[in-house]
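Asker: Following this message is one structure expressed as structure tokens.
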Amino acid sequence: MRVGIGTDAHAFADDRKLILGGVPIPHTQGLAGHSDADVLIHAIIDAMLGAAALGDIGQHFPDSDDAYKGVDSRVLLRAAAQKVRDLGYAVINIDAVIIAQVPRMAPHVESMRANISSDLQIAAGAVNIKATTTEGLGFTGRREGIVAQAICLLDSA
């Protein structure tokens, strides 16, 4: 068994859609980034790659590569999952937290879990997503962006 942790953060930006866990979320701003800036999926990818000792998301899907400009992060999640499977590992579970003052995440969590479990080819019950605020503290508390953290457990397939 192997475990990995991932973290990602993006600032809010005008004229962008907010996508988290592959789910479009109604909000006045999206997140700035080279891809769709889905911080939740990016944190999960880093956790999976870390558990497999494969480095990080930037090594596999660099923001300097125009092939990833505007890309749907679910495409990257499926590709990262294949890299992990190619090494003989299976994802056992994912636990993640979204840290944001706004918008409210609770109405969207089940759809996020469904997307992620589908992309990883694991049961929805093996994916947990939580959301919290920072009670107004820090850049998330000032409503300047969103952070996500994730942990992934792998085992031999």
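Please note that chains go A, B, ... in the order of the structure tokens, that every chain numbers its residues from 1, and that ligands are numbered from 1 in the order shown.
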According to DSSP computed on the backbone, where in segment 6-145 of chain A is there strand (DSSP E or B)? Give the residues as a ChimeraX atom specification.
Answerer: /A:6-13,19-20,23-24,30-31,89-99,127-132,145
Asker: Mind listing the alpha helix (DSSP H) residues of chain A, per DSSP on the backbone, as a compact mmCIF listing (two decimals) with N, CA and C atoms, in the first residue's frame?
Answerer:
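Listing of part-v4.txt after writing:
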# COMPACT_ATOMS: atom_id res chain seq x y z
N VAL A 39 -9.19 22.91 -9.22
CA VAL A 39 -8.25 22.66 -8.12
C VAL A 39 -8.49 21.33 -7.44
N LEU A 40 -9.73 20.88 -7.37
CA LEU A 40 -10.01 19.60 -6.72
C LEU A 40 -9.37 18.45 -7.50
N ILE A 41 -9.62 18.40 -8.77
CA ILE A 41 -9.04 17.32 -9.58
C ILE A 41 -7.52 17.44 -9.62
N HIS A 42 -6.98 18.64 -9.67
CA HIS A 42 -5.52 18.79 -9.68
C HIS A 42 -4.91 18.25 -8.39
N ALA A 43 -5.54 18.52 -7.26
CA ALA A 43 -5.04 17.99 -5.98
C ALA A 43 -5.11 16.47 -5.97
N ILE A 44 -6.18 15.91 -6.51
CA ILE A 44 -6.32 14.45 -6.56
C ILE A 44 -5.25 13.84 -7.47
N ILE A 45 -5.01 14.46 -8.61
CA ILE A 45 -3.96 13.96 -9.51
C ILE A 45 -2.62 13.96 -8.80
N ASP A 46 -2.28 15.06 -8.12
CA ASP A 46 -1.01 15.11 -7.40
C ASP A 46 -0.93 14.04 -6.32
N ALA A 47 -2.03 13.78 -5.63
CA ALA A 47 -2.04 12.74 -4.60
C ALA A 47 -1.79 11.37 -5.22
N MET A 48 -2.44 11.08 -6.34
CA MET A 48 -2.25 9.79 -7.01
C MET A 48 -0.83 9.64 -7.52
N LEU A 49 -0.33 10.66 -8.20
CA LEU A 49 1.03 10.60 -8.74
C LEU A 49 2.04 10.47 -7.61
N GLY A 50 1.81 11.19 -6.52
CA GLY A 50 2.71 11.11 -5.37
C GLY A 50 2.73 9.73 -4.77
N ALA A 51 1.58 9.11 -4.63
CA ALA A 51 1.51 7.76 -4.07
C ALA A 51 2.26 6.76 -4.94
N ILE A 57 1.77 16.85 -11.08
CA ILE A 57 0.96 17.17 -12.26
C ILE A 57 1.73 18.01 -13.28
N GLY A 58 2.58 18.92 -12.81
CA GLY A 58 3.33 19.78 -13.71
C GLY A 58 4.34 19.03 -14.56
N GLN A 59 4.84 17.91 -14.06
CA GLN A 59 5.78 17.10 -14.84
C GLN A 59 5.09 16.37 -15.98
N HIS A 60 3.85 15.97 -15.76
CA HIS A 60 3.13 15.18 -16.76
C HIS A 60 2.26 16.03 -17.69
N SER A 73 -9.97 19.03 -16.92
CA SER A 73 -9.11 18.32 -15.97
C SER A 73 -9.51 16.86 -15.79
N ARG A 74 -10.74 16.51 -16.13
CA ARG A 74 -11.13 15.09 -16.06
C ARG A 74 -10.33 14.26 -17.07
N VAL A 75 -9.96 14.85 -18.19
CA VAL A 75 -9.10 14.16 -19.16
C VAL A 75 -7.75 13.86 -18.51
N LEU A 76 -7.22 14.84 -17.78
CA LEU A 76 -5.94 14.65 -17.10
C LEU A 76 -6.06 13.62 -15.99
N LEU A 77 -7.18 13.62 -15.27
CA LEU A 77 -7.40 12.64 -14.20
C LEU A 77 -7.40 11.22 -14.76
N ARG A 78 -8.09 11.01 -15.86
CA ARG A 78 -8.12 9.68 -16.47
C ARG A 78 -6.73 9.26 -16.95
N ALA A 79 -5.98 10.20 -17.51
CA ALA A 79 -4.62 9.89 -17.97
C ALA A 79 -3.71 9.56 -16.79
N ALA A 80 -3.82 10.31 -15.69
CA ALA A 80 -3.00 10.04 -14.50
C ALA A 80 -3.37 8.68 -13.91
N ALA A 81 -4.66 8.37 -13.89
CA ALA A 81 -5.10 7.07 -13.37
C ALA A 81 -4.51 5.93 -14.21
N GLN A 82 -4.42 6.13 -15.52
CA GLN A 82 -3.84 5.10 -16.37
C GLN A 82 -2.35 4.93 -16.08
N LYS A 83 -1.65 6.01 -15.83
CA LYS A 83 -0.22 5.94 -15.48
C LYS A 83 -0.04 5.12 -14.20
N VAL A 84 -0.92 5.32 -13.25
CA VAL A 84 -0.86 4.58 -11.98
C VAL A 84 -1.17 3.09 -12.23
N ARG A 85 -2.19 2.82 -13.03
CA ARG A 85 -2.53 1.42 -13.36
C ARG A 85 -1.39 0.74 -14.10
N ASP A 86 -0.72 1.50 -14.99
CA ASP A 86 0.39 0.93 -15.76
C ASP A 86 1.54 0.48 -14.87
N VAL A 109 -21.41 18.32 -4.21
CA VAL A 109 -20.46 17.28 -3.80
C VAL A 109 -20.79 15.92 -4.40
N GLU A 110 -22.04 15.53 -4.42
CA GLU A 110 -22.39 14.20 -4.95
C GLU A 110 -22.06 14.08 -6.43
N SER A 111 -22.27 15.15 -7.19
CA SER A 111 -21.92 15.13 -8.62
C SER A 111 -20.41 15.05 -8.80
N MET A 112 -19.66 15.74 -7.95
CA MET A 112 -18.19 15.66 -8.00
C MET A 112 -17.74 14.23 -7.72
N ARG A 113 -18.30 13.63 -6.68
CA ARG A 113 -17.94 12.24 -6.33
C ARG A 113 -18.24 11.29 -7.49
N ALA A 114 -19.38 11.48 -8.12
CA ALA A 114 -19.76 10.61 -9.24
C ALA A 114 -18.76 10.76 -10.40
N ASN A 115 -18.38 11.99 -10.73
CA ASN A 115 -17.40 12.21 -11.81
C ASN A 115 -16.06 11.56 -11.49
N ILE A 116 -15.58 11.81 -10.30
CA ILE A 116 -14.25 11.33 -9.93
C ILE A 116 -14.22 9.81 -9.84
N SER A 117 -15.23 9.22 -9.23
CA SER A 117 -15.26 7.76 -9.13
C SER A 117 -15.37 7.12 -10.52
N SER A 118 -16.13 7.73 -11.40
CA SER A 118 -16.25 7.22 -12.77
C SER A 118 -14.91 7.30 -13.49
N ASP A 119 -14.24 8.43 -13.39
CA ASP A 119 -12.95 8.61 -14.07
C ASP A 119 -11.88 7.69 -13.51
N LEU A 120 -11.94 7.39 -12.23
CA LEU A 120 -10.94 6.51 -11.60
C LEU A 120 -11.35 5.04 -11.65
N GLY A 138 -7.17 34.47 5.60
CA GLY A 138 -6.33 34.16 4.45
C GLY A 138 -6.97 34.51 3.12
N PHE A 139 -6.30 34.11 2.02
CA PHE A 139 -6.80 34.49 0.70
C PHE A 139 -8.12 33.84 0.37
N THR A 140 -8.36 32.62 0.87
CA THR A 140 -9.67 32.01 0.63
C THR A 140 -10.75 32.76 1.41
N GLY A 141 -10.43 33.15 2.63
CA GLY A 141 -11.37 33.89 3.46
C GLY A 141 -11.70 35.26 2.88
Asker: What's the separation between atom CA of Gly22 of chain A and atom CA of Gly136 of chain A, in Å to one decimal place?
Answerer: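 Calculated distance between atom CA of Gly22 of chain A and atom CA of Gly136 of chain A is 26.0 Å.
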Asker: I'd like to know which of A:Ala150, A:Leu54, A:Ala37, A:Ile94 is closest to Ala123 of chain A, using only C-alpha atoms.
Answerer: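 Checking each candidate against Ala123 of chain A, we get A:Ile94 as the closest.
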Asker: Would you mind listing what lies within 10 Å of Ala32 of chain A as an mmCIF file with C-alpha atoms, in the first residue's frame, with only C-alpha atoms counted and same-chain residues fewer than 5 positions away left out?
Answerer:
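Just written: out-v4.cif:
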data_model
loop_
_atom_site.group_PDB
_atom_site.id
_atom_site.type_symbol
_atom_site.label_atom_id
_atom_site.label_comp_id
_atom_site.auth_asym_id
_atom_site.auth_seq_id
_atom_site.Cartn_x
_atom_site.Cartn_y
_atom_site.Cartn_z
ATOM 1 C CA ALA A 9 -4.706 26.588 -5.263
ATOM 2 C CA HIS A 10 -5.998 29.012 -7.879
ATOM 3 C CA ALA A 11 -7.090 32.622 -7.720
ATOM 4 C CA PHE A 12 -10.533 33.710 -8.821
ATOM 5 C CA ALA A 13 -10.688 35.291 -12.271
ATOM 6 C CA ASP A 14 -13.349 37.104 -14.244
ATOM 7 C CA ASP A 15 -14.702 35.651 -17.475
ATOM 8 C CA ARG A 16 -13.990 32.047 -16.446
ATOM 9 C CA LYS A 17 -16.349 29.210 -15.555
ATOM 10 C CA LEU A 18 -15.956 27.692 -12.104
ATOM 11 C CA ALA A 37 -8.235 25.268 -13.244
ATOM 12 C CA ASP A 38 -10.156 22.527 -11.429
ATOM 13 C CA GLY A 145 -9.498 31.955 -4.621
#
Asker: For Ile25 of chain A, which residue among A:Val102, A:Gln121, A:Cys152, A:Thr133 is the nearest when counting only C-alpha atoms?
Answerer: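 Checking each candidate against Ile25 of chain A, we get A:Val102 as the closest.
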